file start-v5.cif (mmCIF, C-alpha atoms; chains and numbers go by the auth columns)
data_protein
loop_
_atom_site.group_PDB
_atom_site.id
_atom_site.type_symbol
_atom_site.label_atom_id
_atom_site.label_comp_id
_atom_site.label_asym_id
_atom_site.label_seq_id
_atom_site.Cartn_x
_atom_site.Cartn_y
_atom_site.Cartn_z
_atom_site.B_iso_or_equiv
_atom_site.auth_seq_id
_atom_site.auth_asym_id
ATOM 1 C CA MET A 1 0.000 0.000 0.000 0.00 1 A
ATOM 2 C CA ASN A 2 1.209 3.505 -0.857 0.00 2 A
ATOM 3 C CA ARG A 3 0.496 6.173 1.750 0.00 3 A
ATOM 4 C CA GLU A 4 0.540 9.088 -0.692 0.00 4 A
ATOM 5 C CA ILE A 5 -1.956 7.451 -3.062 0.00 5 A
ATOM 6 C CA LEU A 6 -4.174 6.551 -0.123 0.00 6 A
ATOM 7 C CA ILE A 7 -4.270 10.098 1.265 0.00 7 A
ATOM 8 C CA LEU A 8 -4.761 11.695 -2.159 0.00 8 A
ATOM 9 C CA SER A 9 -7.533 9.249 -3.028 0.00 9 A
ATOM 10 C CA LEU A 10 -9.311 9.897 0.268 0.00 10 A
ATOM 11 C CA ARG A 11 -9.228 13.628 -0.413 0.00 11 A
ATOM 12 C CA GLN A 12 -10.602 13.113 -3.913 0.00 12 A
ATOM 13 C CA LEU A 13 -13.368 10.787 -2.751 0.00 13 A
ATOM 14 C CA LEU A 14 -14.479 12.779 0.277 0.00 14 A
ATOM 15 C CA GLY A 15 -14.070 16.260 -1.100 0.00 15 A
ATOM 16 C CA LYS A 16 -17.029 16.187 -3.467 0.00 16 A
ATOM 17 C CA ARG A 17 -20.806 16.394 -3.308 0.00 17 A
ATOM 18 C CA ARG A 18 -21.120 12.628 -3.309 0.00 18 A
ATOM 19 C CA THR A 19 -20.088 12.675 0.353 0.00 19 A
ATOM 20 C CA LEU A 20 -23.255 14.546 1.292 0.00 20 A
ATOM 21 C CA ALA A 21 -25.360 12.045 -0.634 0.00 21 A
ATOM 22 C CA LEU A 22 -23.655 9.111 1.091 0.00 22 A
ATOM 23 C CA VAL A 23 -24.130 10.692 4.521 0.00 23 A
ATOM 24 C CA ALA A 24 -27.808 11.259 3.736 0.00 24 A
ATOM 25 C CA LEU A 25 -28.121 7.590 2.761 0.00 25 A
ATOM 26 C CA ALA A 26 -26.407 6.528 5.980 0.00 26 A
ATOM 27 C CA LEU A 27 -28.812 8.691 8.000 0.00 27 A
ATOM 28 C CA LEU A 28 -31.850 6.926 6.543 0.00 28 A
ATOM 29 C CA PRO A 29 -31.651 3.949 8.969 0.00 29 A
ATOM 30 C CA LEU A 30 -31.612 6.386 11.900 0.00 30 A
ATOM 31 C CA LEU A 31 -34.845 7.945 10.671 0.00 31 A
ATOM 32 C CA VAL A 32 -36.418 4.511 10.222 0.00 32 A
ATOM 33 C CA ALA A 33 -35.306 3.512 13.738 0.00 33 A
ATOM 34 C CA LEU A 34 -36.855 6.660 15.213 0.00 34 A
ATOM 35 C CA VAL A 35 -40.144 5.923 13.452 0.00 35 A
ATOM 36 C CA PHE A 36 -40.044 2.368 14.793 0.00 36 A
ATOM 37 C CA ARG A 37 -39.492 3.518 18.376 0.00 37 A
ATOM 38 C CA ALA A 38 -42.367 5.994 18.065 0.00 38 A
ATOM 39 C CA GLY A 39 -45.023 3.590 16.882 0.00 39 A
ATOM 40 C CA ASN A 40 -44.187 -0.117 17.297 0.00 40 A
ATOM 41 C CA ALA A 41 -44.313 -0.771 21.007 0.00 41 A
ATOM 42 C CA ASP A 42 -45.693 -4.307 20.516 0.00 42 A
ATOM 43 C CA THR A 43 -42.941 -5.463 18.121 0.00 43 A
ATOM 44 C CA ASP A 44 -39.917 -7.347 19.414 0.00 44 A
ATOM 45 C CA PRO A 45 -37.072 -4.801 19.064 0.00 45 A
ATOM 46 C CA VAL A 46 -34.340 -7.453 18.664 0.00 46 A
ATOM 47 C CA ASP A 47 -36.185 -9.260 15.879 0.00 47 A
ATOM 48 C CA TRP A 48 -37.091 -5.995 14.123 0.00 48 A
ATOM 49 C CA THR A 49 -33.558 -4.611 14.418 0.00 49 A
ATOM 50 C CA ALA A 50 -31.894 -7.771 13.081 0.00 50 A
ATOM 51 C CA ASN A 51 -34.344 -8.525 10.286 0.00 51 A
ATOM 52 C CA THR A 52 -35.777 -5.220 9.146 0.00 52 A
ATOM 53 C CA LEU A 53 -33.160 -2.639 10.073 0.00 53 A
ATOM 54 C CA LEU A 54 -29.780 -4.386 9.856 0.00 54 A
ATOM 55 C CA ASN A 55 -30.588 -7.098 7.325 0.00 55 A
ATOM 56 C CA GLY A 56 -33.427 -5.571 5.341 0.00 56 A
ATOM 57 C CA LEU A 57 -32.140 -2.002 5.071 0.00 57 A
ATOM 58 C CA ILE A 58 -28.460 -1.651 5.937 0.00 58 A
ATOM 59 C CA VAL A 59 -27.007 -4.917 4.575 0.00 59 A
ATOM 60 C CA THR A 60 -29.349 -5.025 1.582 0.00 60 A
ATOM 61 C CA THR A 61 -29.310 -1.373 0.520 0.00 61 A
ATOM 62 C CA VAL A 62 -27.049 1.027 2.415 0.00 62 A
ATOM 63 C CA LEU A 63 -23.912 -1.140 2.450 0.00 63 A
ATOM 64 C CA PRO A 64 -23.813 -2.027 -1.265 0.00 64 A
ATOM 65 C CA LEU A 65 -24.767 1.469 -2.456 0.00 65 A
ATOM 66 C CA VAL A 66 -22.172 3.251 -0.327 0.00 66 A
ATOM 67 C CA THR A 67 -19.413 0.862 -1.379 0.00 67 A
ATOM 68 C CA LEU A 68 -20.525 0.972 -5.017 0.00 68 A
ATOM 69 C CA VAL A 69 -20.237 4.747 -5.241 0.00 69 A
ATOM 70 C CA LEU A 70 -16.892 4.949 -3.443 0.00 70 A
ATOM 71 C CA ALA A 71 -15.183 1.957 -5.067 0.00 71 A
ATOM 72 C CA THR A 72 -16.214 2.672 -8.658 0.00 72 A
ATOM 73 C CA THR A 73 -15.122 6.283 -8.209 0.00 73 A
ATOM 74 C CA SER A 74 -11.757 5.435 -6.616 0.00 74 A
ATOM 75 C CA LEU A 75 -10.179 4.239 -9.880 0.00 75 A
ATOM 76 C CA GLY A 76 -12.977 5.325 -12.176 0.00 76 A
ATOM 77 C CA MET A 77 -12.303 9.024 -11.675 0.00 77 A
ATOM 78 C CA GLU A 78 -8.641 8.479 -12.575 0.00 78 A
ATOM 79 C CA ILE A 79 -9.686 6.822 -15.834 0.00 79 A
ATOM 80 C CA GLU A 80 -12.337 9.427 -16.619 0.00 80 A
ATOM 81 C CA ASP A 81 -10.017 12.372 -15.944 0.00 81 A
ATOM 82 C CA GLY A 82 -7.063 10.779 -17.718 0.00 82 A
ATOM 83 C CA THR A 83 -4.875 10.979 -14.618 0.00 83 A
ATOM 84 C CA ILE A 84 -4.533 7.198 -14.656 0.00 84 A
ATOM 85 C CA VAL A 85 -1.695 7.713 -17.187 0.00 85 A
ATOM 86 C CA TYR A 86 0.338 9.738 -14.685 0.00 86 A
ATOM 87 C CA LEU A 87 -0.425 7.298 -11.888 0.00 87 A
ATOM 88 C CA LEU A 88 0.741 4.319 -13.927 0.00 88 A
ATOM 89 C CA SER A 89 3.852 6.131 -15.115 0.00 89 A
ATOM 90 C CA LYS A 90 5.213 6.241 -11.563 0.00 90 A
ATOM 91 C CA PRO A 91 7.606 3.481 -10.431 0.00 91 A
ATOM 92 C CA LEU A 92 5.014 1.876 -8.173 0.00 92 A
ATOM 93 C CA SER A 93 3.967 -1.709 -7.771 0.00 93 A
ATOM 94 C CA ARG A 94 0.534 -2.202 -9.311 0.00 94 A
ATOM 95 C CA ALA A 95 -0.368 -4.163 -6.205 0.00 95 A
ATOM 96 C CA HIS A 96 0.366 -1.047 -4.142 0.00 96 A
ATOM 97 C CA VAL A 97 -1.839 1.053 -6.427 0.00 97 A
ATOM 98 C CA VAL A 98 -4.744 -1.389 -6.167 0.00 98 A
ATOM 99 C CA THR A 99 -4.510 -1.900 -2.411 0.00 99 A
ATOM 100 C CA SER A 100 -4.228 1.858 -1.858 0.00 100 A
ATOM 101 C CA LYS A 101 -7.317 2.533 -3.967 0.00 101 A
ATOM 102 C CA LEU A 102 -9.129 -0.323 -2.231 0.00 102 A
ATOM 103 C CA ALA A 103 -8.275 1.065 1.199 0.00 103 A
ATOM 104 C CA ALA A 104 -9.319 4.569 0.137 0.00 104 A
ATOM 105 C CA SER A 105 -12.802 3.332 -0.729 0.00 105 A
ATOM 106 C CA TRP A 106 -13.113 0.768 2.068 0.00 106 A
ATOM 107 C CA LEU A 107 -12.129 2.933 5.052 0.00 107 A
ATOM 108 C CA PRO A 108 -14.831 5.622 4.639 0.00 108 A
ATOM 109 C CA ALA A 109 -17.407 3.055 3.518 0.00 109 A
ATOM 110 C CA ALA A 110 -16.832 0.796 6.524 0.00 110 A
ATOM 111 C CA ALA A 111 -16.824 3.750 8.925 0.00 111 A
ATOM 112 C CA LEU A 112 -19.981 5.291 7.500 0.00 112 A
ATOM 113 C CA VAL A 113 -21.993 2.070 7.345 0.00 113 A
ATOM 114 C CA SER A 114 -20.809 0.820 10.750 0.00 114 A
ATOM 115 C CA LEU A 115 -21.657 4.119 12.420 0.00 115 A
ATOM 116 C CA SER A 116 -25.054 4.108 10.738 0.00 116 A
ATOM 117 C CA ALA A 117 -25.716 0.557 11.952 0.00 117 A
ATOM 118 C CA ALA A 118 -24.525 1.247 15.504 0.00 118 A
ATOM 119 C CA ALA A 119 -26.504 4.463 15.894 0.00 119 A
ATOM 120 C CA SER A 120 -29.737 3.232 14.336 0.00 120 A
ATOM 121 C CA ALA A 121 -29.639 -0.120 16.139 0.00 121 A
ATOM 122 C CA GLY A 122 -28.939 1.677 19.408 0.00 122 A
ATOM 123 C CA ILE A 123 -32.073 3.757 18.886 0.00 123 A
ATOM 124 C CA ALA A 124 -34.186 0.741 17.966 0.00 124 A
ATOM 125 C CA LEU A 125 -32.988 -1.598 20.717 0.00 125 A
ATOM 126 C CA GLN A 126 -33.209 0.894 23.584 0.00 126 A
ATOM 127 C CA GLY A 127 -31.419 -1.117 26.254 0.00 127 A
ATOM 128 C CA SER A 128 -32.032 -4.707 25.119 0.00 128 A
ATOM 129 C CA GLY A 129 -30.532 -7.108 22.603 0.00 129 A
ATOM 130 C CA TYR A 130 -27.242 -5.290 22.096 0.00 130 A
ATOM 131 C CA ASP A 131 -25.518 -8.680 21.649 0.00 131 A
ATOM 132 C CA VAL A 132 -26.498 -8.646 17.982 0.00 132 A
ATOM 133 C CA LEU A 133 -24.887 -5.282 17.248 0.00 133 A
ATOM 134 C CA PRO A 134 -21.102 -5.994 17.512 0.00 134 A
ATOM 135 C CA ALA A 135 -21.476 -9.006 15.219 0.00 135 A
ATOM 136 C CA PHE A 136 -23.203 -6.918 12.577 0.00 136 A
ATOM 137 C CA VAL A 137 -20.677 -4.086 12.830 0.00 137 A
ATOM 138 C CA ILE A 138 -17.789 -6.510 12.225 0.00 138 A
ATOM 139 C CA ALA A 139 -19.685 -8.280 9.442 0.00 139 A
ATOM 140 C CA LEU A 140 -20.506 -4.950 7.790 0.00 140 A
ATOM 141 C CA ALA A 141 -16.853 -3.893 7.834 0.00 141 A
ATOM 142 C CA LEU A 142 -15.801 -7.181 6.223 0.00 142 A
ATOM 143 C CA GLY A 143 -18.684 -7.013 3.779 0.00 143 A
ATOM 144 C CA ALA A 144 -17.645 -3.486 2.822 0.00 144 A
ATOM 145 C CA LEU A 145 -14.153 -4.764 1.987 0.00 145 A
ATOM 146 C CA ALA A 146 -15.541 -7.514 -0.240 0.00 146 A
ATOM 147 C CA TYR A 147 -17.952 -5.162 -2.001 0.00 147 A
ATOM 148 C CA CYS A 148 -15.225 -2.549 -2.556 0.00 148 A
ATOM 149 C CA ALA A 149 -12.934 -5.162 -4.080 0.00 149 A
ATOM 150 C CA VAL A 150 -15.651 -6.315 -6.494 0.00 150 A
ATOM 151 C CA PHE A 151 -16.676 -2.807 -7.518 0.00 151 A
ATOM 152 C CA LEU A 152 -13.065 -1.665 -7.900 0.00 152 A
ATOM 153 C CA LEU A 153 -12.543 -4.456 -10.430 0.00 153 A
ATOM 154 C CA LEU A 154 -15.729 -3.408 -12.227 0.00 154 A
ATOM 155 C CA SER A 155 -14.350 0.108 -12.671 0.00 155 A
ATOM 156 C CA LEU A 156 -11.469 -1.381 -14.687 0.00 156 A
ATOM 157 C CA LEU A 157 -13.651 -3.740 -16.697 0.00 157 A
ATOM 158 C CA THR A 158 -16.279 -1.288 -17.898 0.00 158 A
ATOM 159 C CA THR A 159 -17.000 2.410 -18.160 0.00 159 A
ATOM 160 C CA ARG A 160 -20.528 1.574 -16.933 0.00 160 A
ATOM 161 C CA ALA A 161 -19.339 0.214 -13.595 0.00 161 A
ATOM 162 C CA LEU A 162 -22.037 2.046 -11.638 0.00 162 A
ATOM 163 C CA VAL A 163 -24.817 0.597 -13.796 0.00 163 A
ATOM 164 C CA VAL A 164 -23.354 -2.924 -13.729 0.00 164 A
ATOM 165 C CA GLY A 165 -22.921 -2.627 -9.970 0.00 165 A
ATOM 166 C CA LEU A 166 -26.566 -1.656 -9.529 0.00 166 A
ATOM 167 C CA ILE A 167 -27.601 -4.653 -11.618 0.00 167 A
ATOM 168 C CA TYR A 168 -25.497 -6.909 -9.401 0.00 168 A
ATOM 169 C CA VAL A 169 -26.949 -5.446 -6.200 0.00 169 A
ATOM 170 C CA PHE A 170 -30.619 -5.298 -7.111 0.00 170 A
ATOM 171 C CA ILE A 171 -31.031 -7.999 -9.767 0.00 171 A
ATOM 172 C CA TRP A 172 -28.467 -10.631 -8.814 0.00 172 A
ATOM 173 C CA GLU A 173 -28.439 -10.249 -5.034 0.00 173 A
ATOM 174 C CA GLY A 174 -31.967 -8.933 -4.646 0.00 174 A
ATOM 175 C CA LEU A 175 -33.760 -11.294 -7.018 0.00 175 A
ATOM 176 C CA VAL A 176 -31.688 -14.146 -8.451 0.00 176 A
ATOM 177 C CA THR A 177 -30.130 -15.292 -5.175 0.00 177 A
ATOM 178 C CA GLU A 178 -33.554 -15.272 -3.532 0.00 178 A
ATOM 179 C CA LEU A 179 -35.007 -17.516 -6.245 0.00 179 A
ATOM 180 C CA PHE A 180 -32.083 -19.911 -6.769 0.00 180 A
ATOM 181 C CA GLU A 181 -30.351 -21.130 -3.630 0.00 181 A
ATOM 182 C CA GLY A 182 -27.196 -22.297 -5.384 0.00 182 A
ATOM 183 C CA THR A 183 -26.362 -18.769 -6.550 0.00 183 A
ATOM 184 C CA ARG A 184 -25.925 -17.519 -2.976 0.00 184 A
ATOM 185 C CA ILE A 185 -22.292 -18.594 -2.939 0.00 185 A
ATOM 186 C CA LEU A 186 -21.681 -15.610 -5.259 0.00 186 A
ATOM 187 C CA SER A 187 -23.414 -13.021 -3.095 0.00 187 A
ATOM 188 C CA VAL A 188 -21.486 -10.605 -0.880 0.00 188 A
ATOM 189 C CA ARG A 189 -24.734 -9.875 0.925 0.00 189 A
ATOM 190 C CA GLN A 190 -25.060 -13.531 1.893 0.00 190 A
ATOM 191 C CA TYR A 191 -21.430 -13.621 3.026 0.00 191 A
ATOM 192 C CA THR A 192 -22.076 -10.630 5.272 0.00 192 A
ATOM 193 C CA LEU A 193 -25.163 -12.174 6.845 0.00 193 A
ATOM 194 C CA GLY A 194 -23.368 -15.487 7.323 0.00 194 A
ATOM 195 C CA VAL A 195 -20.461 -13.817 9.116 0.00 195 A
ATOM 196 C CA ALA A 196 -22.876 -11.879 11.350 0.00 196 A
ATOM 197 C CA ASP A 197 -24.617 -15.146 12.174 0.00 197 A
ATOM 198 C CA LEU A 198 -21.261 -16.742 13.002 0.00 198 A
ATOM 199 C CA LEU A 199 -20.281 -13.968 15.423 0.00 199 A
ATOM 200 C CA THR A 200 -23.434 -13.791 17.521 0.00 200 A
ATOM 201 C CA ASP A 201 -25.444 -16.211 19.627 0.00 201 A
ATOM 202 C CA VAL A 202 -28.592 -14.213 18.931 0.00 202 A
ATOM 203 C CA ARG A 203 -30.447 -16.076 16.197 0.00 203 A
ATOM 204 C CA ALA A 204 -32.886 -13.334 15.305 0.00 204 A
ATOM 205 C CA PHE A 205 -32.485 -14.023 11.584 0.00 205 A
ATOM 206 C CA ASP A 206 -31.646 -17.019 9.431 0.00 206 A
ATOM 207 C CA ALA A 207 -28.525 -16.615 7.315 0.00 207 A
ATOM 208 C CA ASP A 208 -28.659 -18.637 4.097 0.00 208 A
ATOM 209 C CA LEU A 209 -24.964 -19.570 4.243 0.00 209 A
ATOM 210 C CA ASP A 210 -23.135 -21.376 7.032 0.00 210 A
ATOM 211 C CA GLY A 211 -21.109 -18.890 9.061 0.00 211 A
ATOM 212 C CA VAL A 212 -17.700 -20.512 8.594 0.00 212 A
ATOM 213 C CA GLY A 213 -18.412 -21.155 4.943 0.00 213 A
ATOM 214 C CA ALA A 214 -19.500 -17.558 4.439 0.00 214 A
ATOM 215 C CA LEU A 215 -16.301 -16.258 6.040 0.00 215 A
ATOM 216 C CA VAL A 216 -14.109 -18.537 3.931 0.00 216 A
ATOM 217 C CA LEU A 217 -15.958 -17.607 0.741 0.00 217 A
ATOM 218 C CA MET A 218 -15.739 -13.904 1.559 0.00 218 A
ATOM 219 C CA ALA A 219 -11.979 -14.106 2.111 0.00 219 A
ATOM 220 C CA LEU A 220 -11.441 -16.254 -0.978 0.00 220 A
ATOM 221 C CA VAL A 221 -13.552 -14.100 -3.292 0.00 221 A
ATOM 222 C CA THR A 222 -11.956 -10.883 -2.003 0.00 222 A
ATOM 223 C CA ALA A 223 -8.435 -12.240 -2.541 0.00 223 A
ATOM 224 C CA ILE A 224 -9.259 -13.519 -6.041 0.00 224 A
ATOM 225 C CA VAL A 225 -10.910 -10.259 -7.059 0.00 225 A
ATOM 226 C CA VAL A 226 -7.959 -8.189 -5.798 0.00 226 A
ATOM 227 C CA ALA A 227 -5.551 -10.423 -7.762 0.00 227 A
ATOM 228 C CA LEU A 228 -7.687 -10.021 -10.894 0.00 228 A
ATOM 229 C CA THR A 229 -7.746 -6.251 -10.402 0.00 229 A
ATOM 230 C CA ILE A 230 -3.947 -6.124 -10.204 0.00 230 A
ATOM 231 C CA ARG A 231 -3.696 -8.233 -13.348 0.00 231 A
ATOM 232 C CA ARG A 232 -6.229 -6.071 -15.146 0.00 232 A
ATOM 233 C CA LEU A 233 -4.388 -2.897 -14.144 0.00 233 A
ATOM 234 C CA ASN A 234 -1.181 -4.294 -15.629 0.00 234 A
ATOM 235 C CA ARG A 235 -2.991 -4.874 -18.926 0.00 235 A
ATOM 236 C CA PHE A 236 -4.644 -1.476 -18.681 0.00 236 A
ATOM 237 C CA GLU A 237 -1.188 0.077 -18.226 0.00 237 A
ATOM 238 C CA THR A 238 0.111 -1.457 -21.444 0.00 238 A
ATOM 239 C CA ARG A 239 -2.940 -0.352 -23.418 0.00 239 A
ATOM 240 C CA THR A 240 -2.882 3.180 -21.964 0.00 240 A
ATOM 241 C CA LEU A 241 0.799 3.994 -22.101 0.00 241 A
ATOM 242 C CA PHE A 242 1.617 2.421 -25.423 0.00 242 A
#
call {"tool": "encode", "arguments": {"input": "start-v5.cif", "output": "C-alpha cells"}}
result
Amino acid sequence: MNREILILSLRQLLGKRRTLALVALALLPLLVALVFRAGNADTDPVDWTANTLLNGLIVTTVLPLVTLVLATTSLGMEIEDGTIVYLLSKPLSRAHVVTSKLAASWLPAAALVSLSAAASAGIALQGSGYDVLPAFVIALALGALAYCAVFLLLSLLTTRALVVGLIYVFIWEGLVTELFEGTRILSVRQYTLGVADLLTDVRAFDADLDGVGALVLMALVTAIVVALTIRRLNRFETRTLF
C-alpha cells in the first residue's frame, strides 16, 4: 500500500458532493429507527432490528450502495479524468496502487456504514438485545471490503461500472439469489449475513450460508478479485501507455 496514493484518493473521494449524498443515505436507517421507536411498542425490538433494520435495510441497501459509489469512483475518476496515465507512469507496484485505492474506498465506507448501523440499532434496541450489534458491525466492515474489491474491479472492466454494480446489487443479489439457492455462494450480501450469524449467539435471523463457509468464501472471493484487479491494471497500463 502507498500512503501518498491513499491520502490523495481519500481527499478526492471525500471532497465532493457525493459525500453529502452518502451521509444522507447513511442517516436513513436512523430515521427509520426513530419511526419504529415511536409507533411499534408491541414489536420485538431485537427481531425488528436484526431482520428489518440491519438485514433488510443496511445490509441489503445502504452497504452495497455506499461501497458501489466509493469503489467505482476510486479508480474510475482516474480513468475518466485521464490521470490514470500519470499514476501508472510512476515506479510503483501495481499491487500497491490497487490496495491503496481499495483502502481509500473501504475505510470511509466501513466507517460510514458501521456508524449508521450502531446508531440506528442503538435507537431501535433501547437497552435490550445489544448482543447482535457488535457481530453486525464486524460483518458490515468485512462485507464493505468484499464489495469494494468487487466494484473496484468493475471500474477497470467497464465504463458503466455504476450501472453494472446496480444490476449486481438489485437484480443478482436482490432477485436471483432469492429464487435460486445455489447462486448464494456468489453473493457478498449472503457472506455478510453469514459472518454476522457466526459472530453472535442471537439467532434473530436465518442466514442462508453457514457462518464458517460464508467467512471462507468472503476471504477467498476478495483475494481472487484483488488479484484479478492487479492483473487487469497491468494490462490497462500497457494499453494506456503504449
call {"tool": "resolve_selection", "arguments": {"input": "start-v5.cif", "expression": "the PyMOL selection byres ((chain A and resi 8) around 12)", "output": "list in words"}}
result
Asn2, Arg3, Glu4, Ile5, Leu6, Ile7, Ser9, Leu10, Arg11, Gln12, Leu13, Leu14, Gly15, Ser74, Glu78, Leu87, Val97, Ser100, Lys101, Ala103, Ala104 and Ser105 of chain A
call {"tool": "atom_distance", "arguments": {"input": "start-v5.cif", "atom1": "atom CA of Val164 of chain A", "atom2": "atom CA of His96 of chain A"}}
result
25.7 Å
call {"tool": "residues_near_point", "arguments": {"input": "start-v5.cif", "point": "(-1.0, -0.5, -15.5)", "cutoff": "12 Å", "atoms": "only C-alpha atoms", "output": "JSON, numbers by chain"}}
result
{"A": [75, 79, 84, 85, 86, 87, 88, 89, 90, 91, 92, 93, 94, 95, 96, 97, 98, 156, 229, 230, 231, 232, 233, 234, 235, 236, 237, 238, 239, 240, 241, 242]}
call {"tool": "write_last_selection", "arguments": {"input": "start-v5.cif", "atoms": "C-alpha atoms", "output": "PDB file, in the frame of the given file"}}
result
ATOM      1  CA  LEU A  75     -10.179   4.239  -9.880  1.00  0.00           C
ATOM      2  CA  ILE A  79      -9.686   6.822 -15.834  1.00  0.00           C
ATOM      3  CA  ILE A  84      -4.533   7.198 -14.656  1.00  0.00           C
ATOM      4  CA  VAL A  85      -1.695   7.713 -17.187  1.00  0.00           C
ATOM      5  CA  TYR A  86       0.338   9.738 -14.685  1.00  0.00           C
ATOM      6  CA  LEU A  87      -0.425   7.298 -11.888  1.00  0.00           C
ATOM      7  CA  LEU A  88       0.741   4.319 -13.927  1.00  0.00           C
ATOM      8  CA  SER A  89       3.852   6.131 -15.115  1.00  0.00           C
ATOM      9  CA  LYS A  90       5.213   6.241 -11.563  1.00  0.00           C
ATOM     10  CA  PRO A  91       7.606   3.481 -10.431  1.00  0.00           C
ATOM     11  CA  LEU A  92       5.014   1.876  -8.173  1.00  0.00           C
ATOM     12  CA  SER A  93       3.967  -1.709  -7.771  1.00  0.00           C
ATOM     13  CA  ARG A  94       0.534  -2.202  -9.311  1.00  0.00           C
ATOM     14  CA  ALA A  95      -0.368  -4.163  -6.205  1.00  0.00           C
ATOM     15  CA  HIS A  96       0.366  -1.047  -4.142  1.00  0.00           C
ATOM     16  CA  VAL A  97      -1.839   1.053  -6.427  1.00  0.00           C
ATOM     17  CA  VAL A  98      -4.744  -1.389  -6.167  1.00  0.00           C
ATOM     18  CA  LEU A 156     -11.469  -1.381 -14.687  1.00  0.00           C
ATOM     19  CA  THR A 229      -7.746  -6.251 -10.402  1.00  0.00           C
ATOM     20  CA  ILE A 230      -3.947  -6.124 -10.204  1.00  0.00           C
ATOM     21  CA  ARG A 231      -3.696  -8.233 -13.348  1.00  0.00           C
ATOM     22  CA  ARG A 232      -6.229  -6.071 -15.146  1.00  0.00           C
ATOM     23  CA  LEU A 233      -4.388  -2.897 -14.144  1.00  0.00           C
ATOM     24  CA  ASN A 234      -1.181  -4.294 -15.629  1.00  0.00           C
ATOM     25  CA  ARG A 235      -2.991  -4.874 -18.926  1.00  0.00           C
ATOM     26  CA  PHE A 236      -4.644  -1.476 -18.681  1.00  0.00           C
ATOM     27  CA  GLU A 237      -1.188   0.077 -18.226  1.00  0.00           C
ATOM     28  CA  THR A 238       0.111  -1.457 -21.444  1.00  0.00           C
ATOM     29  CA  ARG A 239      -2.940  -0.352 -23.418  1.00  0.00           C
ATOM     30  CA  THR A 240      -2.882   3.180 -21.964  1.00  0.00           C
ATOM     31  CA  LEU A 241       0.799   3.994 -22.101  1.00  0.00           C
ATOM     32  CA  PHE A 242       1.617   2.421 -25.423  1.00  0.00           C
TER      33      PHE A 242
END
call {"tool": "resolve_selection", "arguments": {"input": "start-v5.cif", "expression": "the PyMOL selection byres ((chain A and resi 33) around 9)", "output": "PDB file with C-alpha atoms, in the coordinates of the input"}}
result
ATOM      1  CA  LEU A  28     -31.850   6.926   6.543  1.00  0.00           C
ATOM      2  CA  PRO A  29     -31.651   3.949   8.969  1.00  0.00           C
ATOM      3  CA  LEU A  30     -31.612   6.386  11.900  1.00  0.00           C
ATOM      4  CA  LEU A  31     -34.845   7.945  10.671  1.00  0.00           C
ATOM      5  CA  VAL A  32     -36.418   4.511  10.222  1.00  0.00           C
ATOM      6  CA  LEU A  34     -36.855   6.660  15.213  1.00  0.00           C
ATOM      7  CA  VAL A  35     -40.144   5.923  13.452  1.00  0.00           C
ATOM      8  CA  PHE A  36     -40.044   2.368  14.793  1.00  0.00           C
ATOM      9  CA  ARG A  37     -39.492   3.518  18.376  1.00  0.00           C
ATOM     10  CA  ALA A  38     -42.367   5.994  18.065  1.00  0.00           C
ATOM     11  CA  THR A  49     -33.558  -4.611  14.418  1.00  0.00           C
ATOM     12  CA  LEU A  53     -33.160  -2.639  10.073  1.00  0.00           C
ATOM     13  CA  SER A 120     -29.737   3.232  14.336  1.00  0.00           C
ATOM     14  CA  ALA A 121     -29.639  -0.120  16.139  1.00  0.00           C
ATOM     15  CA  GLY A 122     -28.939   1.677  19.408  1.00  0.00           C
ATOM     16  CA  ILE A 123     -32.073   3.757  18.886  1.00  0.00           C
ATOM     17  CA  ALA A 124     -34.186   0.741  17.966  1.00  0.00           C
ATOM     18  CA  LEU A 125     -32.988  -1.598  20.717  1.00  0.00           C
TER      19      LEU A 125
END
call {"tool": "residues_around", "arguments": {"input": "start-v5.cif", "residues": "Gly194 of chain A", "least_positions_apart": "3", "cutoff": "8 Å", "atoms": "only C-alpha atoms", "output": "MDAnalysis selection string"}}
result
chainID A and resid 190:191 197:198 207:215
call {"tool": "resolve_selection", "arguments": {"input": "start-v5.cif", "expression": "the PyMOL selection byres ((chain A and resi 176-187) around 12)", "output": "short mmCIF file (atom, residue, chain, number, x, y, z; two decimals) with C-alpha atoms, in the frame of the given file"}}
result
data_model
loop_
_atom_site.label_atom_id
_atom_site.label_comp_id
_atom_site.auth_asym_id
_atom_site.auth_seq_id
_atom_site.Cartn_x
_atom_site.Cartn_y
_atom_site.Cartn_z
CA VAL A 59 -27.01 -4.92 4.58
CA THR A 60 -29.35 -5.03 1.58
CA PRO A 64 -23.81 -2.03 -1.26
CA GLY A 143 -18.68 -7.01 3.78
CA ALA A 146 -15.54 -7.51 -0.24
CA TYR A 147 -17.95 -5.16 -2.00
CA VAL A 150 -15.65 -6.32 -6.49
CA ILE A 167 -27.60 -4.65 -11.62
CA TYR A 168 -25.50 -6.91 -9.40
CA VAL A 169 -26.95 -5.45 -6.20
CA PHE A 170 -30.62 -5.30 -7.11
CA ILE A 171 -31.03 -8.00 -9.77
CA TRP A 172 -28.47 -10.63 -8.81
CA GLU A 173 -28.44 -10.25 -5.03
CA GLY A 174 -31.97 -8.93 -4.65
CA LEU A 175 -33.76 -11.29 -7.02
CA VAL A 188 -21.49 -10.60 -0.88
CA ARG A 189 -24.73 -9.88 0.92
CA GLN A 190 -25.06 -13.53 1.89
CA TYR A 191 -21.43 -13.62 3.03
CA THR A 192 -22.08 -10.63 5.27
CA LEU A 193 -25.16 -12.17 6.84
CA GLY A 194 -23.37 -15.49 7.32
CA ALA A 207 -28.52 -16.61 7.32
CA ASP A 208 -28.66 -18.64 4.10
CA LEU A 209 -24.96 -19.57 4.24
CA ASP A 210 -23.14 -21.38 7.03
CA GLY A 213 -18.41 -21.16 4.94
CA ALA A 214 -19.50 -17.56 4.44
CA LEU A 215 -16.30 -16.26 6.04
CA VAL A 216 -14.11 -18.54 3.93
CA LEU A 217 -15.96 -17.61 0.74
CA MET A 218 -15.74 -13.90 1.56
CA LEU A 220 -11.44 -16.25 -0.98
CA VAL A 221 -13.55 -14.10 -3.29
CA THR A 222 -11.96 -10.88 -2.00
#
call {"tool": "closest_residue", "arguments": {"input": "start-v5.cif", "among": "A:Thr73, A:Thr67, A:Thr61, A:Thr83", "to": "Leu107 of chain A", "atoms": "all atoms listed in the file"}}
result
A:Thr67
call {"tool": "atom_distance", "arguments": {"input": "start-v5.cif", "atom1": "atom CA of Ala227 of chain A", "atom2": "atom CA of Leu154 of chain A"}}
result
13.1 Å
